[in-house]
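Participant: Below is a structure I'd like to ask you about.
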Amino acid sequence: MSKGKNLIDPIDGAFEAVARSMVQPATRTTLYNNVIGQEMARQPATPKQLLLDLGIEVQKDIDGIEMGVLENGIPFLTQNGLAKIAGTARSVIYDIATEWSEHFNDPVIGKDRISFIKEYLFKNGYQEPQLFIATGKDGSTHYAYPDIVCMAILEYFAFESKSKNKVAIDNYRKLATYGLQKYIYDSLNYTPPDKWKYHHDRVSLLKDSAPSGYFIVFSEVSGLIVDLINANLSVNSKTIPDISVGIAWAEYWKANNLSQTYGDRVQYAHNYPDYYPQSLSNPQPAKAYPDAALPTFRKWFRETYLPTKFPAYILKKAHVLSGGRDEAERIANLYQPKLITEE
């Protein structure tokens with residue numbers, strides 16, 4: 001038992017520290033339908049794991065438990081951290097992640113550990129072919145396990161594994177009451193940032209930037225951006241929807257030779273807020289379009305971009321939505337559900 005006691009001591013201390021400030025317990029866990037990565041130390045990622053443009057907001061070792069929060073606010077444990085709270089070896093967590101990817105398409109049968117974890121996660125909306133997702137930090141690839149995955153694995157070791165695991169049982173009981181998300185947030189002193197800041201700052205900066213008689217794409221797609229933010233997509237320096245719309249509209253404009261109908265586009269100075277990496281090249285040359293073309297743009301945006309091009313764009317962003325692919329499809333369905341395609 002001494003080994004189990006040593007494993008659980010760190011989380012005991014962390015819980016005592018954060019519990020003092022707890023007003024009321026959080027829900028057991030937040031549902032995520034996308035794989036979040038975690039650092040696997042020197043172990044390689046499983047095959048076909050892609051590095052995402054989703055960074056790590058904060059990552060620390062709290063009393064021996066490695067944890068962090070991704071840029072979209074999703075909390076995670078590293079492989080070492082998950083192994084510690086589950087009372088098992090890091091190599092076992094790696095084996096589970098490998099088994100998951102290798103048997104993802106197999107049916108749920110029996111009571112083996114992958115069947116249990118799959119049934120748990122599928123029931124809670126998590127249906128990704130990896131238990132972690134790779135992300136970049138300081139030039140290195142990191143892997144993080146989201147809270148929903150951690151709770152599934154913890155519950156398995158607490159109640160389903162053949163050998164009773166006191167560490168997993170004790171930690172599961174604590175986290176089931178407190179909430180793993182709240183535990184990680186409180187341990188890291190993390191407060192989710194204002195999700196509207198990026199958009200509001202761009203609205204302020206680009207206000208009246210178009211020459212008189214012309215419109216800019218950003219102003220015309222603000223409603224779409226608001227929908228994305230309300231869906232908890234991190235619309236920031238890495239997710240700029242108006243670029244996708246602008247590229248598609250420019251192609252349509254040129255393909256249909258609309259300059260002959262409405263007049264030429266004009267260049268204006270586009271700027272990003274100074275905390276955007278893109279601001280290093282401020283001002284960027286961008287195109288403003290004649291106001292006479294506004295009805296055509298709005299018709300194209302409503303009838304062409306949203307139903308045929310936006311779904312592919314938003315589905316590619318599913319990994320950074322808290323609701324994953326289900327949430328991405330829900331957003332696309334707002335505009336035309338029957339035409340959702342993944343290109």
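Chain labels A, B, ... are given in the sequence in which chains occur in the structure tokens; within each chain residues are numbered consecutively from 1, and ligands are likewise numbered from 1 in the order shown.
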Got a sec: who's within 12 Å of Ala83 of chain A, counting only C-alpha atoms, leaving out chain neighbours fewer than 5 positions off, as a list of chain:residue names?

Facilitator: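 So, after excluding close chain neighbours, the residues are A:Leu7, A:Ile8, A:Gln38, A:Glu39, A:Met40, A:Gly64, A:Ile65, A:Glu66, A:Met67, A:Leu77, A:Thr78, A:Thr88, A:Ala89, A:Arg90, A:Ser91, A:Val92, A:Ile93, A:Tyr94, A:Asp95, A:Ile96, A:Tyr145, A:Cys150, A:Met151, A:Ile153, A:Leu154, A:Phe157, A:Val167, A:Ala168, A:Asn171.
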
Participant: For Ala97 of chain A, find every residue with an atom within 9 Å (counting only C-alpha atoms), except residues of its own chain fewer than 5 positions away, and show them as a PDB file with N, CA and C atoms, in the first residue's frame.

Facilitator:
ATOM      1  N   THR A  46       1.203   7.923 -32.146  1.00  0.00           N
ATOM      2  CA  THR A  46       0.690   6.817 -32.934  1.00  0.00           C
ATOM      3  C   THR A  46       0.590   7.238 -34.387  1.00  0.00           C
ATOM      4  N   VAL A  92       1.541   2.026 -19.746  1.00  0.00           N
ATOM      5  CA  VAL A  92       0.207   1.439 -19.853  1.00  0.00           C
ATOM      6  C   VAL A  92      -0.733   2.417 -20.552  1.00  0.00           C
ATOM      7  N   GLU A 102      -5.722   1.454 -32.991  1.00  0.00           N
ATOM      8  CA  GLU A 102      -5.669   0.238 -33.799  1.00  0.00           C
ATOM      9  C   GLU A 102      -7.029  -0.454 -33.885  1.00  0.00           C
ATOM     10  N   GLN A 130      -8.215   8.987 -32.174  1.00  0.00           N
ATOM     11  CA  GLN A 130      -7.064   9.090 -31.287  1.00  0.00           C
ATOM     12  C   GLN A 130      -7.541   9.522 -29.909  1.00  0.00           C
ATOM     13  N   LEU A 131      -6.849   9.080 -28.891  1.00  0.00           N
ATOM     14  CA  LEU A 131      -7.181   9.519 -27.535  1.00  0.00           C
ATOM     15  C   LEU A 131      -6.465  10.807 -27.169  1.00  0.00           C
ATOM     16  N   PHE A 132      -5.592  11.261 -28.011  1.00  0.00           N
ATOM     17  CA  PHE A 132      -4.877  12.516 -27.779  1.00  0.00           C
ATOM     18  C   PHE A 132      -4.711  13.206 -29.112  1.00  0.00           C
TER      19      PHE A 132
END

Participant: Between segment 157-194 of chain A and segment 224-243 of chain A, at 12 Å or less, what are the per-residue closest atom pairs and their distances in Å? Count only C-alpha atoms, order by chain and rising residue number, and return it as JSON lines.

Facilitator:
{"residue": "A:Pro192", "atom": "CA", "partner": "A:Ser234", "partner_atom": "CA", "distance": 11.3}
{"residue": "A:Pro193", "atom": "CA", "partner": "A:Ser234", "partner_atom": "CA", "distance": 10.3}
{"residue": "A:Asp194", "atom": "CA", "partner": "A:Ser234", "partner_atom": "CA", "distance": 10.2}

Participant: Kindly save the residues from that selection, with N, CA and C atoms included, as a tab-separated table (two decimals), in the first residue's frame.

Facilitator:
chain	number	residue	atom	x	y	z
A	192	PRO	N	-10.61	31.40	-18.04
A	192	PRO	CA	-10.82	31.49	-19.49
A	192	PRO	C	-10.85	32.94	-19.95
A	193	PRO	N	-10.14	33.26	-21.02
A	193	PRO	CA	-10.10	34.65	-21.51
A	193	PRO	C	-11.43	35.06	-22.13
A	194	ASP	N	-11.57	36.35	-22.32
A	194	ASP	CA	-12.75	36.90	-22.99
A	194	ASP	C	-12.75	36.42	-24.44

Participant: Could you check how far atom CA of Pro75 of chain A sits from atom CA of Tyr185 of chain A, in Å to one decimal?

Facilitator: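 Separation between atom CA of Pro75 of chain A and atom CA of Tyr185 of chain A: 7.3 Å.
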
Participant: To one decimal place in Å, what is the distance between atom CA of Asn105 of chain A and atom CA of Leu82 of chain A?

Facilitator: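 Separation of atom CA of Asn105 of chain A and atom CA of Leu82 of chain A: 24.4 Å.
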
Participant: Per residue of segment 160-239 of chain A within 12 Å of segment 106-120 of chain A, record the nearest atom pair and its distance in Å to one decimal, counting only C-alpha atoms, with rows in chain order and ascending residue number, as CSV.

Facilitator:
residue,atom,partner,partner_atom,distance
A:Glu160,CA,A:Arg113,CA,7.8
A:Ser161,CA,A:Arg113,CA,7.5
A:Lys162,CA,A:Arg113,CA,10.1

Participant: Could you dump the residues just selected with N, CA and C atoms as a CSV table (one decimal), in the first residue's frame?

Facilitator:
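Produced file again.csv, reproduced below:
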chain,number,residue,atom,x,y,z
A,160,GLU,N,-13.2,-1.2,-13.2
A,160,GLU,CA,-13.3,-2.3,-14.2
A,160,GLU,C,-12.1,-3.2,-14.3
A,161,SER,N,-10.9,-2.7,-14.0
A,161,SER,CA,-9.7,-3.5,-14.2
A,161,SER,C,-9.7,-4.7,-13.2
A,162,LYS,N,-9.0,-5.7,-13.5
A,162,LYS,CA,-9.1,-7.0,-12.7
A,162,LYS,C,-8.5,-6.7,-11.4

Participant: Can you tell me, as a ChimeraX atom specification, which residues in segment 36-256 of chain A count as alpha helix (DSSP H) by DSSP?

Facilitator: /A:79-86,90-102,113-123,147-155,166-178,180-187,197-206,217-220,222-230,241-255

Participant: If I take atom CA of Arg265 of chain A and atom CA of Tyr252 of chain A, how far is one from the other in Å, to one decimal?

Facilitator: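 If I compute the distance from atom CA of Arg265 of chain A to atom CA of Tyr252 of chain A, I get 13.2 Å.
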
Participant: Identify which of the residues A:Tyr172, A:Tyr156, A:Trp249, A:Tyr268 lies closest to Ser209 of chain A, counting only C-alpha atoms when measuring atom-to-atom distances.

Facilitator: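 Comparing A:Tyr172, A:Tyr156, A:Trp249, A:Tyr268 against Ser209 of chain A, the winner is A:Tyr268.
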
Participant: Quick one: DSSP strand (DSSP E or B) residues in segment 52-238 of chain A, as a PyMOL selection string?

Facilitator: chain A and resi 52+56-62+65-70+75-77+133-137+140-146+214-215

Participant: So which one's closest to Ala292 of chain A, A:Gly263, A:Pro277, A:Gly55, A:Pro211? Using only C-alpha atoms, please.

Facilitator: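 Between A:Gly263, A:Pro277, A:Gly55, A:Pro211, the residue approaching Ala292 of chain A most closely is A:Gly263.
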
Participant: Please identify all polymer residues within 10 Å of Leu334 of chain A, counting only C-alpha atoms, omitting same-chain residues fewer than 3 positions from it, and present them as a PyMOL selection string.

Facilitator: chain A and resi 227+306-307+329-331+337
